[in-house]
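The file final_5.cif contains mmCIF, C-alpha atoms:
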```
data_model
#
loop_
_atom_site.label_atom_id
_atom_site.label_comp_id
_atom_site.auth_asym_id
_atom_site.auth_seq_id
_atom_site.Cartn_x
_atom_site.Cartn_y
_atom_site.Cartn_z
CA MET A 1 -6.02 -9.37 27.50
CA ARG A 2 -6.72 -12.71 25.82
CA VAL A 3 -9.09 -13.11 22.87
CA LEU A 4 -10.09 -16.54 21.57
CA PHE A 5 -11.51 -17.15 18.12
CA LYS A 6 -13.00 -20.65 17.95
CA ASN A 7 -14.74 -22.81 15.34
CA ILE A 8 -13.23 -20.67 12.57
CA GLY A 9 -14.60 -21.94 9.28
CA GLN A 10 -11.35 -21.12 7.51
CA LEU A 11 -8.18 -19.61 9.00
CA VAL A 12 -6.25 -18.16 6.08
CA GLN A 13 -2.61 -17.27 5.40
CA ILE A 14 -0.76 -19.52 7.86
CA ARG A 15 2.95 -18.81 7.67
CA SER A 16 6.18 -19.35 9.55
CA GLU A 17 8.16 -16.38 10.79
CA LYS A 18 10.85 -17.11 8.19
CA GLU A 19 8.67 -16.29 5.17
CA ARG A 20 9.29 -12.69 4.17
CA TYR A 21 7.24 -12.93 0.97
CA VAL A 22 6.16 -15.45 -1.66
CA SER A 23 7.00 -15.44 -5.36
CA GLY A 24 6.46 -17.35 -8.58
CA ALA A 25 4.40 -20.52 -8.31
CA ALA A 26 4.20 -20.12 -4.53
CA MET A 27 1.98 -17.07 -5.11
CA HIS A 28 -0.82 -19.53 -5.93
CA GLU A 29 -0.50 -21.34 -2.59
CA LEU A 30 -2.46 -20.01 0.36
CA PRO A 31 -2.11 -22.18 3.49
CA CYS A 32 -5.34 -22.53 5.47
CA ILE A 33 -6.78 -24.49 8.38
CA GLU A 34 -10.43 -25.57 8.30
CA ASP A 35 -12.36 -25.55 11.61
CA ALA A 36 -9.64 -23.72 13.50
CA PHE A 37 -8.92 -21.68 16.61
CA LEU A 38 -6.74 -18.63 17.11
CA LEU A 39 -5.63 -17.20 20.44
CA VAL A 40 -4.53 -13.60 20.85
CA GLU A 41 -2.69 -12.29 23.91
CA GLU A 42 -1.83 -8.62 24.47
CA GLY A 43 -2.58 -7.86 20.86
CA ARG A 44 -0.33 -10.51 19.31
CA ILE A 45 -1.04 -13.95 17.91
CA LEU A 46 -0.18 -16.45 20.62
CA ASP A 47 -1.37 -19.74 19.14
CA PHE A 48 -3.58 -21.29 16.47
CA GLY A 49 -4.41 -24.65 14.96
CA PRO A 50 -7.25 -27.10 14.27
CA MET A 51 -10.08 -27.13 16.81
CA GLU A 52 -9.32 -30.77 17.54
CA ASP A 53 -5.94 -29.62 18.94
CA TYR A 54 -7.37 -26.81 21.05
CA VAL A 55 -6.70 -27.09 24.76
CA PRO A 56 -9.28 -25.08 26.73
CA CYS A 57 -7.85 -21.99 28.40
CA GLU A 58 -9.11 -18.82 30.00
CA ALA A 59 -9.89 -15.89 27.71
CA ASP A 60 -11.31 -12.43 28.33
CA GLN A 61 -13.32 -12.62 25.11
CA CYS A 62 -14.47 -15.63 23.10
CA ILE A 63 -15.66 -15.19 19.50
CA ASP A 64 -17.47 -18.00 17.71
CA ALA A 65 -16.38 -17.75 14.07
CA SER A 66 -18.43 -20.67 12.78
CA GLY A 67 -18.89 -20.51 9.00
CA ARG A 68 -16.65 -17.47 8.73
CA VAL A 69 -13.22 -16.76 7.30
CA LEU A 70 -10.51 -15.17 9.42
CA LEU A 71 -7.50 -13.73 7.64
CA PRO A 72 -4.83 -11.06 8.14
CA ALA A 73 -5.91 -7.49 7.57
CA TRP A 74 -4.86 -5.95 4.26
CA CYS A 75 -1.41 -4.36 4.03
CA ASP A 76 -1.64 -1.32 1.76
CA SER A 77 1.90 -0.35 0.80
CA HIS A 78 1.18 2.59 -1.53
CA THR A 79 -1.15 5.48 -0.69
CA HIS A 80 -1.30 9.26 -0.94
CA ILE A 81 -4.05 9.50 1.67
CA VAL A 82 -2.95 12.89 3.04
CA TYR A 83 -4.31 15.47 0.61
CA ALA A 84 -6.59 18.50 0.52
CA GLY A 85 -9.99 18.59 -1.14
CA ASP A 86 -10.60 16.49 -4.25
CA ARG A 87 -10.22 16.57 -8.04
CA VAL A 88 -13.74 15.68 -9.07
CA ASP A 89 -13.70 18.28 -11.87
CA GLU A 90 -10.82 16.40 -13.45
CA PHE A 91 -12.85 13.20 -13.16
CA VAL A 92 -15.43 14.83 -15.43
CA ASP A 93 -12.67 16.08 -17.75
CA LYS A 94 -11.51 12.47 -18.17
CA ILE A 95 -15.04 11.43 -19.05
CA HIS A 96 -14.96 14.06 -21.78
CA GLY A 97 -11.79 12.54 -23.18
CA LEU A 98 -8.86 14.38 -21.64
CA SER A 99 -5.93 12.16 -20.62
CA TYR A 100 -4.05 12.26 -17.31
CA GLU A 101 -1.10 13.84 -19.12
CA GLU A 102 -3.27 16.49 -20.82
CA ILE A 103 -4.86 17.50 -17.53
CA ALA A 104 -1.42 17.79 -15.94
CA ALA A 105 -0.08 19.86 -18.85
CA ARG A 106 -2.72 22.55 -18.31
CA GLY A 107 -1.99 22.92 -14.59
CA GLY A 108 -4.23 20.22 -13.18
CA GLY A 109 -3.26 16.99 -11.56
CA ILE A 110 -0.53 17.07 -8.94
CA LEU A 111 0.05 20.81 -9.33
CA HIS A 112 -3.60 21.49 -8.57
CA SER A 113 -3.45 19.34 -5.43
CA ALA A 114 -0.26 21.14 -4.37
CA LYS A 115 -1.93 24.55 -4.59
CA ARG A 116 -4.82 23.38 -2.42
CA LEU A 117 -2.50 21.76 0.09
CA ALA A 118 -0.40 24.91 0.42
CA ARG A 119 -3.49 26.86 1.53
CA ILE A 120 -5.00 24.40 3.99
CA PRO A 121 -4.14 24.70 7.72
CA GLU A 122 -2.31 21.70 9.13
CA ASP A 123 -5.07 20.83 11.58
CA GLN A 124 -7.67 20.79 8.81
CA LEU A 125 -5.41 18.62 6.65
CA TYR A 126 -5.09 16.23 9.57
CA GLU A 127 -8.85 16.06 10.10
CA GLU A 128 -9.55 15.36 6.42
CA SER A 129 -6.86 12.69 6.34
CA ARG A 130 -7.95 11.13 9.63
CA LYS A 131 -11.39 10.40 8.20
CA ARG A 132 -9.83 8.59 5.25
CA VAL A 133 -7.62 6.50 7.51
CA GLU A 134 -10.62 5.45 9.57
CA GLU A 135 -12.47 4.61 6.37
CA VAL A 136 -9.75 2.24 5.14
CA ILE A 137 -9.35 0.59 8.55
CA ALA A 138 -13.09 -0.11 8.53
CA LEU A 139 -12.61 -1.66 5.08
CA GLY A 140 -9.98 -4.02 6.47
CA THR A 141 -6.62 -2.28 6.11
CA GLY A 142 -4.31 -3.18 8.99
CA ALA A 143 -1.05 -1.56 7.82
CA LEU A 144 -0.58 1.57 5.75
CA GLU A 145 2.09 3.48 3.88
CA ILE A 146 1.42 7.17 3.27
CA LYS A 147 3.43 9.40 0.93
CA SER A 148 3.96 13.13 0.88
CA GLY A 149 4.41 14.68 -2.57
CA TYR A 150 1.55 17.15 -2.83
CA GLY A 151 3.58 19.86 -1.17
CA LEU A 152 6.16 20.78 -3.83
CA THR A 153 7.66 23.25 -1.36
CA LEU A 154 9.70 22.30 1.69
CA ASP A 155 7.22 23.81 4.14
CA ALA A 156 4.27 22.01 2.58
CA GLU A 157 6.10 18.69 2.38
CA LEU A 158 7.04 18.96 6.05
CA LYS A 159 3.41 19.76 6.85
CA MET A 160 2.30 16.58 5.11
CA LEU A 161 4.91 14.47 6.88
CA ARG A 162 3.93 15.92 10.26
CA VAL A 163 0.32 14.96 9.57
CA ILE A 164 1.42 11.42 8.70
CA GLY A 165 3.26 11.33 12.02
CA ARG A 166 0.14 12.43 13.89
CA LEU A 167 -1.86 9.70 12.19
CA ARG A 168 0.75 7.13 13.23
CA GLU A 169 0.47 8.27 16.82
CA ARG A 170 -3.33 8.13 16.82
CA TYR A 171 -3.96 4.68 15.35
CA SER A 172 -2.76 1.25 16.43
CA ILE A 173 -2.05 0.00 12.93
CA PRO A 174 1.47 0.52 11.55
CA VAL A 175 1.71 3.71 9.47
CA VAL A 176 4.96 4.30 7.58
CA ALA A 177 5.90 7.65 6.04
CA THR A 178 7.44 8.10 2.61
CA PHE A 179 8.99 11.40 1.51
CA LEU A 180 7.89 11.66 -2.12
CA ALA A 181 10.60 14.18 -2.81
CA ALA A 182 9.98 14.44 -6.55
CA HIS A 183 6.33 13.96 -7.47
CA ALA A 184 6.09 16.77 -10.04
CA ILE A 185 8.01 19.86 -11.09
CA PRO A 186 6.64 23.02 -9.42
CA GLU A 187 5.61 25.91 -11.65
CA ALA A 188 8.47 27.99 -10.21
CA PHE A 189 10.91 25.44 -11.69
CA ALA A 190 9.01 24.78 -14.93
CA ASN A 191 12.12 25.35 -17.04
CA ASN A 192 14.68 24.29 -14.45
CA ARG A 193 14.15 20.66 -13.50
CA LYS A 194 17.82 20.27 -12.55
CA GLY A 195 17.53 23.21 -10.17
CA TYR A 196 14.55 21.62 -8.49
CA VAL A 197 16.33 18.27 -8.14
CA ASP A 198 19.36 20.10 -6.71
CA GLN A 199 17.12 21.78 -4.14
CA VAL A 200 15.54 18.49 -3.14
CA ILE A 201 18.97 16.90 -2.68
CA ASN A 202 20.77 19.77 -0.99
CA THR A 203 18.02 21.22 1.21
CA TRP A 204 14.88 19.12 1.46
CA ILE A 205 16.31 15.68 2.19
CA PRO A 206 18.57 16.98 5.00
CA ALA A 207 15.62 18.85 6.55
CA VAL A 208 13.34 15.78 6.46
CA VAL A 209 16.03 13.52 7.91
CA GLU A 210 16.92 16.02 10.62
CA GLN A 211 13.30 15.98 11.82
CA GLY A 212 13.07 12.17 11.62
CA ILE A 213 9.63 12.22 9.98
CA ALA A 214 10.10 9.78 7.07
CA GLN A 215 11.41 6.26 6.63
CA TYR A 216 11.38 6.06 2.83
CA ILE A 217 12.12 8.23 -0.18
CA ASP A 218 10.21 8.16 -3.47
CA VAL A 219 10.43 9.62 -6.99
CA PHE A 220 7.93 9.68 -9.87
CA CYS A 221 10.20 8.39 -12.63
CA GLU A 222 8.18 9.12 -15.75
CA GLU A 223 8.28 11.08 -19.01
CA GLY A 224 7.40 14.70 -18.32
CA TYR A 225 8.29 14.33 -14.65
CA PHE A 226 11.68 12.94 -13.58
CA THR A 227 14.24 11.05 -15.66
CA ALA A 228 16.09 7.92 -14.67
CA GLY A 229 19.12 10.13 -14.08
CA ASP A 230 17.17 12.46 -11.80
CA THR A 231 15.82 9.45 -9.95
CA ALA A 232 19.28 7.99 -9.44
CA ARG A 233 20.59 11.28 -8.03
CA ILE A 234 17.71 11.64 -5.57
CA LEU A 235 17.83 8.02 -4.46
CA GLU A 236 21.59 8.20 -3.91
CA ALA A 237 21.14 11.27 -1.71
CA GLY A 238 18.25 9.66 0.14
CA VAL A 239 20.11 6.42 0.80
CA LYS A 240 23.17 8.32 1.97
CA ALA A 241 20.94 10.18 4.44
CA GLY A 242 19.37 6.97 5.73
CA LEU A 243 16.12 6.80 3.72
CA LYS A 244 15.14 3.57 1.92
CA PRO A 245 13.87 3.93 -1.68
CA LYS A 246 10.32 3.05 -2.80
CA ILE A 247 9.63 4.48 -6.26
CA HIS A 248 6.97 5.10 -8.91
CA VAL A 249 8.03 3.54 -12.23
CA ASN A 250 6.62 2.40 -15.58
CA GLN A 251 3.15 3.89 -15.20
CA PHE A 252 2.91 5.32 -18.71
CA HIS A 253 6.39 4.75 -20.13
CA ALA A 254 9.36 2.52 -19.35
CA ILE A 255 12.40 4.82 -19.10
CA GLY A 256 14.83 2.81 -16.99
CA GLY A 257 13.31 3.45 -13.57
CA VAL A 258 13.08 -0.23 -12.63
CA GLN A 259 16.80 -0.65 -13.18
CA VAL A 260 17.58 2.46 -11.14
CA GLY A 261 15.37 1.21 -8.32
CA VAL A 262 17.01 -2.20 -8.19
CA GLN A 263 20.50 -0.71 -8.40
CA HIS A 264 19.76 1.48 -5.37
CA GLY A 265 18.18 -1.25 -3.29
CA ALA A 266 14.59 -0.03 -3.57
CA LEU A 267 12.24 -1.94 -1.30
CA SER A 268 9.56 -1.69 -3.97
CA VAL A 269 8.95 -0.47 -7.50
CA ASP A 270 5.31 0.53 -7.93
CA HIS A 271 2.86 0.81 -10.85
CA LEU A 272 4.53 -1.29 -13.60
CA GLU A 273 1.65 -0.96 -16.03
CA VAL A 274 4.23 -0.92 -18.83
CA MET A 275 6.85 -3.67 -18.64
CA ARG A 276 9.69 -4.66 -20.97
CA PRO A 277 11.70 -7.90 -20.88
CA GLU A 278 14.72 -6.00 -19.56
CA ASP A 279 12.63 -4.68 -16.66
CA VAL A 280 11.65 -8.21 -15.67
CA THR A 281 15.27 -9.33 -15.93
CA ALA A 282 16.38 -6.48 -13.67
CA LEU A 283 13.96 -7.59 -10.95
CA LYS A 284 15.02 -11.22 -10.98
CA GLY A 285 17.32 -12.10 -8.12
CA SER A 286 16.73 -8.79 -6.35
CA ASP A 287 14.98 -8.10 -3.03
CA THR A 288 12.86 -5.41 -4.68
CA MET A 289 9.09 -6.05 -4.55
CA PRO A 290 7.05 -5.24 -7.67
CA VAL A 291 3.79 -3.54 -6.66
CA ALA A 292 0.66 -3.35 -8.83
CA LEU A 293 -2.05 -0.70 -8.40
CA PRO A 294 -5.14 -2.00 -10.22
CA GLY A 295 -7.40 0.72 -8.81
CA CYS A 296 -5.37 3.27 -10.76
CA SER A 297 -5.69 1.30 -14.00
CA PHE A 298 -9.44 0.97 -13.43
CA PHE A 299 -9.98 4.67 -12.75
CA LEU A 300 -7.72 6.03 -15.51
CA GLY A 301 -8.55 3.37 -18.08
CA ILE A 302 -4.89 2.50 -18.63
CA PRO A 303 -3.34 -0.98 -18.95
CA TYR A 304 -3.06 -3.21 -15.90
CA THR A 305 0.22 -4.52 -14.56
CA PRO A 306 0.95 -7.85 -16.34
CA ALA A 307 0.69 -9.82 -13.12
CA LYS A 308 0.44 -13.28 -14.66
CA ASP A 309 3.59 -12.70 -16.71
CA LEU A 310 5.57 -11.44 -13.71
CA ILE A 311 4.51 -14.39 -11.56
CA ALA A 312 5.23 -16.83 -14.40
CA GLU A 313 8.77 -15.40 -14.50
CA GLY A 314 9.19 -16.36 -10.84
CA LEU A 315 8.76 -12.88 -9.41
CA PRO A 316 6.76 -11.84 -6.35
CA LEU A 317 4.02 -9.23 -6.55
CA ALA A 318 2.23 -7.01 -4.05
CA LEU A 319 -1.06 -5.17 -4.45
CA ALA A 320 -1.82 -1.70 -3.09
CA SER A 321 -4.59 0.88 -3.45
CA ASP A 322 -2.73 4.04 -4.60
CA TYR A 323 -5.43 6.01 -2.73
CA ASN A 324 -5.14 9.59 -4.01
CA PRO A 325 -7.43 12.38 -5.26
CA GLY A 326 -6.50 12.25 -8.93
CA SER A 327 -5.99 8.74 -10.24
CA THR A 328 -7.42 6.46 -7.51
CA PRO A 329 -9.86 8.09 -5.09
CA SER A 330 -10.42 4.84 -3.19
CA GLY A 331 -8.57 2.91 -0.50
CA ASN A 332 -10.82 -0.15 -0.67
CA MET A 333 -8.41 -3.08 -0.69
CA ASN A 334 -11.31 -5.52 -1.07
CA PHE A 335 -11.93 -3.98 -4.48
CA VAL A 336 -8.20 -4.06 -5.25
CA VAL A 337 -8.12 -7.82 -4.63
CA ALA A 338 -11.22 -8.32 -6.78
CA ALA A 339 -9.86 -6.17 -9.61
CA ALA A 340 -6.60 -8.12 -9.54
CA CYS A 341 -8.55 -11.33 -10.05
CA VAL A 342 -10.97 -10.00 -12.67
CA LYS A 343 -8.76 -7.67 -14.72
CA MET A 344 -5.26 -9.02 -14.08
CA LYS A 345 -6.29 -12.70 -13.99
CA MET A 346 -4.60 -13.35 -10.68
CA THR A 347 -5.88 -16.33 -8.74
CA PRO A 348 -7.62 -15.48 -5.46
CA GLU A 349 -4.69 -17.12 -3.68
CA ALA A 350 -2.15 -14.94 -5.47
CA ALA A 351 -4.20 -11.79 -4.93
CA ILE A 352 -4.57 -12.41 -1.19
CA ASN A 353 -0.87 -13.20 -0.86
CA ALA A 354 -0.12 -9.97 -2.72
CA ALA A 355 -2.41 -7.89 -0.49
CA THR A 356 -1.21 -9.34 2.82
CA LEU A 357 2.24 -10.92 3.22
CA ASN A 358 3.83 -9.35 0.14
CA GLY A 359 2.21 -5.99 0.88
CA ALA A 360 3.71 -6.08 4.36
CA TYR A 361 7.15 -6.78 2.88
CA ALA A 362 6.75 -3.86 0.46
CA MET A 363 6.74 -1.45 3.42
CA GLY A 364 9.20 -3.27 5.66
CA LEU A 365 6.56 -4.69 8.02
CA HIS A 366 6.66 -8.41 7.18
CA ALA A 367 7.98 -9.27 10.66
CA GLU A 368 4.96 -7.62 12.30
CA VAL A 369 1.88 -8.12 10.10
CA GLY A 370 0.61 -9.76 6.92
CA SER A 371 0.15 -13.38 7.97
CA ILE A 372 -1.19 -15.66 10.67
CA THR A 373 2.11 -16.17 12.43
CA ARG A 374 2.86 -16.56 16.12
CA GLY A 375 4.15 -13.29 17.52
CA LYS A 376 2.74 -11.01 14.83
CA TRP A 377 0.15 -8.35 15.60
CA ALA A 378 -3.41 -9.63 15.49
CA HIS A 379 -4.66 -7.26 12.78
CA LEU A 380 -7.44 -9.41 11.36
CA LEU A 381 -10.52 -9.53 9.14
CA LEU A 382 -13.49 -11.65 10.13
CA THR A 383 -15.94 -12.15 7.29
CA LYS A 384 -19.64 -12.72 7.41
CA PRO A 385 -20.67 -16.37 6.82
CA ILE A 386 -19.16 -17.36 3.44
CA THR A 387 -18.00 -20.55 1.78
CA SER A 388 -14.30 -19.64 1.46
CA TYR A 389 -11.84 -16.79 0.97
CA ARG A 390 -12.56 -16.97 -2.77
CA ASP A 391 -15.92 -15.35 -2.09
CA ILE A 392 -14.12 -12.08 -1.28
CA PRO A 393 -13.11 -11.27 -4.88
CA TYR A 394 -16.10 -13.12 -6.35
CA HIS A 395 -18.68 -10.98 -4.53
CA PHE A 396 -16.71 -7.90 -5.50
CA SER A 397 -19.31 -5.30 -4.47
CA THR A 398 -20.77 -7.04 -1.42
CA PRO A 399 -19.55 -5.85 2.01
CA LEU A 400 -18.42 -9.19 3.43
CA ILE A 401 -16.48 -7.93 6.45
CA GLU A 402 -18.27 -8.58 9.71
CA GLU A 403 -15.56 -7.23 12.00
CA VAL A 404 -12.08 -5.73 11.76
CA PHE A 405 -9.67 -6.41 14.62
CA VAL A 406 -6.66 -4.26 15.44
CA ARG A 407 -4.35 -5.84 17.99
CA GLY A 408 -7.12 -8.31 18.67
CA GLU A 409 -9.72 -5.70 19.51
CA GLY A 410 -12.78 -5.15 17.34
CA VAL A 411 -12.92 -1.73 15.70
CA GLY A 412 -15.70 -2.02 13.18
CA PRO A 413 -16.40 -2.41 10.37
CA LYS A 414 -17.83 1.02 11.24
CA LEU A 415 -15.51 3.08 13.45
#
```
Reformat the file's structure so that it appears as structure tokens.
Amino acid sequence: MRVLFKNIGQLVQIRSEKERYVSGAAMHELPCIEDAFLLVEEGRILDFGPMEDYVPCEADQCIDASGRVLLPAWCDSHTHIVYAGDRVDEFVDKIHGLSYEEIAARGGGILHSAKRLARIPEDQLYEESRKRVEEVIALGTGALEIKSGYGLTLDAELKMLRVIGRLRERYSIPVVATFLAAHAIPEAFANNRKGYVDQVINTWIPAVVEQGIAQYIDVFCEEGYFTAGDTARILEAGVKAGLKPKIHVNQFHAIGGVQVGVQHGALSVDHLEVMRPEDVTALKGSDTMPVALPGCSFFLGIPYTPAKDLIAEGLPLALASDYNPGSTPSGNMNFVVAAACVKMKMTPEAAINAATLNGAYAMGLHAEVGSITRGKWAHLLLTKPITSYRDIPYHFSTPLIEEVFVRGEGVGPKL
């Protein structure tokens, strides 16, 4: 099937197949073509360019995009979208002044989610999660990473990973699975963190790998959760078993997790609300993508990742939603891009680069999605009539998406 987009007001994020990601000053450059065409064949981008260069050809569908912006769908490289129920009571607790750490210390937070997940049947968990996936696709997400981590037992973690696999089979967008082996310490191991880490390494990782239901491994490296030493042990075991690291670091405290991630070839280090000079130095020259989660900072009222400083140091940066029930109950990447501009002072160009091409790299999908590149999947956003892509973060609460395309076929914005 051929789909032709013609008279595109602005075709955004034009890249060659050689560009894996952008960094430093290049973050502020966003290649575009005004008054453009784009041709999709069998779900992939076949050709594009200025309308003046368009040579008429047959197409099964022709879309007039006059006055509209066409850009790659968002690439959300950090979510916890498979979970049971919600944590709205904790939302109210935060309003009354309790911190994330205080809620966790009294049995809330991740432990609360784990208890609910242990009780829910797998089919019900799938149905709840499916609705969230459809919601984020309708909001423009065209590639998605989903973590386990709310299981805290082997059976429950495997249940989560099976659900992620079912979601991958159902939807045409790429869905990658991350085994968040160490998200919190279960109550049964409250005074035996080492024993829990040993169990993860000796039993859980082999079971996950044997079933082939995860591509990445993750650890929450943070005070009160897992140390840099714990993280190193788990990552070493994961890498040895064939899993690529993607880790949570520097959310509340900097305890050496960035260095551990880089040393073990982590594809990304995520959160980074707290950054030290030595953390920046560790990232320089590596292939590890820093990932910021501004929705989490907004919801918890904690500092934002120092995006401008990281970019000024020549580093790349990706943006992701962190969609989860406790600290970011939203997968709206349009808001993420706006928050990055408003609260982190990223330029619209940098924010869109971070949420598309760099986000794709942060989950190993840069060869397939994230830019307008010949041969990549045509996962696209078509806006309503607007002046330019800068209107997307500027009109931060206005639904500007007219249509979402997955493999060149319209799916919304309402599925």
request  = Would you mind listing what lies within 12 Å of Val411 of chain A as JSON, numbers by chain, with all atoms listed in the file counted and same-chain residues fewer than 3 positions away left out?
outcome  = {"A": [134, 135, 136, 137, 138, 139, 140, 141, 142, 171, 172, 173, 379, 380, 381, 382, 401, 402, 403, 404, 405, 406, 407, 408, 414, 415]}
So that each row is one residue of segment 250-328 of chain A with an atom at most 9 Å from segment 79-85 of chain A, can you give its shortest atom pair and the distance in Å to one decimal, using all atoms listed in the file, rows by chain and rising number, as CSV?
```
residue,atom,partner,partner_atom,distance
A:Ala320,CA,A:Thr79,CA,7.6
A:Ser321,CA,A:Thr79,CA,6.4
A:Asp322,CA,A:Thr79,CA,4.5
A:Tyr323,CA,A:Thr79,CA,4.8
A:Asn324,CA,A:His80,CA,4.9
A:Pro325,CA,A:Tyr83,CA,7.3
```
Selection to disk with C-alpha atoms, as a compact mmCIF listing (two decimals), keeping the file's coordinate frame:
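File produced: again.txt:
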```
# COMPACT_ATOMS: atom_id res chain seq x y z
CA ALA A 320 -1.82 -1.70 -3.09
CA SER A 321 -4.59 0.88 -3.45
CA ASP A 322 -2.73 4.04 -4.60
CA TYR A 323 -5.43 6.01 -2.73
CA ASN A 324 -5.14 9.59 -4.01
CA PRO A 325 -7.43 12.38 -5.26
```
request  = Measuring atom to atom with all atoms listed in the file, identify which of A:Leu154, A:Leu357, A:Ala214, A:Ile95 is nearest to Arg168 of chain A.
outcome  =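 Of the candidates, the smallest distance to Arg168 of chain A is held by A:Ala214.
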request  = With the file shown as input, list the residues that the PyMOL selection byres ((chain A and resi 34-42) around 6) selects, as a list of chain:residue names.
outcome  =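 Answer for the PyMOL selection byres ((chain A and resi 34-42) around 6): A:Met1, A:Arg2, A:Val3, A:Leu4, A:Phe5, A:Lys6, A:Asn7, A:Ile8, A:Gly9, A:Gln10, A:Ile33, A:Gly43, A:Arg44, A:Ile45, A:Leu46, A:Asp47, A:Phe48, A:Gly49, A:Pro50, A:Met51.
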Can you write just those residues out, C-alpha atoms, as a PDB file, keeping the file's coordinate frame?
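Now in out05.pdb:
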```
ATOM      1  CA  MET A   1      -6.020  -9.370  27.500  1.00  0.00           C
ATOM      2  CA  ARG A   2      -6.720 -12.710  25.820  1.00  0.00           C
ATOM      3  CA  VAL A   3      -9.090 -13.110  22.870  1.00  0.00           C
ATOM      4  CA  LEU A   4     -10.090 -16.540  21.570  1.00  0.00           C
ATOM      5  CA  PHE A   5     -11.510 -17.150  18.120  1.00  0.00           C
ATOM      6  CA  LYS A   6     -13.000 -20.650  17.950  1.00  0.00           C
ATOM      7  CA  ASN A   7     -14.740 -22.810  15.340  1.00  0.00           C
ATOM      8  CA  ILE A   8     -13.230 -20.670  12.570  1.00  0.00           C
ATOM      9  CA  GLY A   9     -14.600 -21.940   9.280  1.00  0.00           C
ATOM     10  CA  GLN A  10     -11.350 -21.120   7.510  1.00  0.00           C
ATOM     11  CA  ILE A  33      -6.780 -24.490   8.380  1.00  0.00           C
ATOM     12  CA  GLY A  43      -2.580  -7.860  20.860  1.00  0.00           C
ATOM     13  CA  ARG A  44      -0.330 -10.510  19.310  1.00  0.00           C
ATOM     14  CA  ILE A  45      -1.040 -13.950  17.910  1.00  0.00           C
ATOM     15  CA  LEU A  46      -0.180 -16.450  20.620  1.00  0.00           C
ATOM     16  CA  ASP A  47      -1.370 -19.740  19.140  1.00  0.00           C
ATOM     17  CA  PHE A  48      -3.580 -21.290  16.470  1.00  0.00           C
ATOM     18  CA  GLY A  49      -4.410 -24.650  14.960  1.00  0.00           C
ATOM     19  CA  PRO A  50      -7.250 -27.100  14.270  1.00  0.00           C
ATOM     20  CA  MET A  51     -10.080 -27.130  16.810  1.00  0.00           C
TER      21      MET A  51
END
```
request  = Have a look at A:Leu243, A:Leu158, A:Ala312, A:Ile392 and name the one nearest to Val69 of chain A; count all atoms listed in the file.
outcome  = A:Ile392
note = What separates atom CA of Val260 of chain A and atom CA of Phe189 of chain A is a distance of 23.9 Å
inquiry  = Using all atoms listed in the file, which protein or nucleic acid residues come within 10 Å of Gly238 of chain A? Drop anything in the same chain fewer than 6 positions from it, and give the result as a PyMOL selection string.
reply    = chain A and resi 179+181+200-201+205-206+209+216-218+232+244-245+264
Output C-alpha atoms for every residue in the selection just made, as a compact mmCIF listing (two decimals), in the coordinates of the input.
```
# COMPACT_ATOMS: atom_id res chain seq x y z
CA PHE A 179 8.99 11.40 1.51
CA ALA A 181 10.60 14.18 -2.81
CA VAL A 200 15.54 18.49 -3.14
CA ILE A 201 18.97 16.90 -2.68
CA ILE A 205 16.31 15.68 2.19
CA PRO A 206 18.57 16.98 5.00
CA VAL A 209 16.03 13.52 7.91
CA TYR A 216 11.38 6.06 2.83
CA ILE A 217 12.12 8.23 -0.18
CA ASP A 218 10.21 8.16 -3.47
CA ALA A 232 19.28 7.99 -9.44
CA LYS A 244 15.14 3.57 1.92
CA PRO A 245 13.87 3.93 -1.68
CA HIS A 264 19.76 1.48 -5.37
```
query = Can you list, as a list of chain:residue names, every protein, DNA or RNA residue that comes within 7 Å of His183 of chain A when you count only C-alpha atoms, leaving out same-chain residues fewer than 5 positions away?
reply =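 Listed by chain and then number, they are A:Gly149, A:Val219, A:Phe220.
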Could those residues be written to a file, using C-alpha atoms, as a PDB file, keeping the file's coordinate frame?
```
ATOM      1  CA  GLY A 149       4.410  14.680  -2.570  1.00  0.00           C
ATOM      2  CA  VAL A 219      10.430   9.620  -6.990  1.00  0.00           C
ATOM      3  CA  PHE A 220       7.930   9.680  -9.870  1.00  0.00           C
TER       4      PHE A 220
END
```
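On the file presented, the PyMOL selection byres ((chain A and resi 393) around 9) picks out A:Asn334, A:Phe335, A:Val336, A:Val337, A:Ala338, A:Ala339, A:Ala340, A:Cys341, A:Val342, A:Pro348, A:Ala351, A:Tyr389, A:Arg390, A:Asp391, A:Ile392, A:Tyr394, A:His395, A:Phe396, A:Ser397.
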inquiry  = Can you pull out the residues contacting Leu315 of chain A? Cut-off 12 Å, using only C-alpha atoms, and skip same-chain residues under 2 positions away; I want them as a count of residues only.
reply    = 33
ask   = Taking the file as shown, what set of residues would the PyMOL selection byres ((chain A and resi 272) around 10) give back, as a VMD selection string?
value = chain A and resid 248 to 254 257 to 258 269 to 271 273 to 276 279 290 to 293 303 to 307
request  = State, in Å with one decimal place, the distance from atom CA of Leu300 of chain A to atom CA of Gly256 of chain A.
outcome  = 22.8 Å
task = Find the residues around Thr203 of chain A up to 12 Å (only C-alpha atoms counted), leave out those fewer than 5 positions away in its own chain, and share them as a count of residues only.
result = 15
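Note that atom CA of Lys384 of chain A and atom CA of Gln13 of chain A are 17.7 Å apart.
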request  = Point out the residue among A:Ala190, A:Ala118, A:Leu125, A:Ala143 with the least atom-to-atom distance to Glu157 of chain A, counting only C-alpha atoms.
outcome  = A:Ala118
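Distances to Glu122 of chain A were evaluated for A:Thr231, A:Arg166, A:Arg193, A:Lys147 using all atoms listed in the file, and the minimum falls at A:Arg166.
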key: Which residue of A:Gly224, A:Pro399, A:Pro385, A:Gly364 approaches Asn332 of chain A most closely, using all atoms listed in the file   =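 Of the candidates, the smallest distance to Asn332 of chain A is held by A:Pro399.
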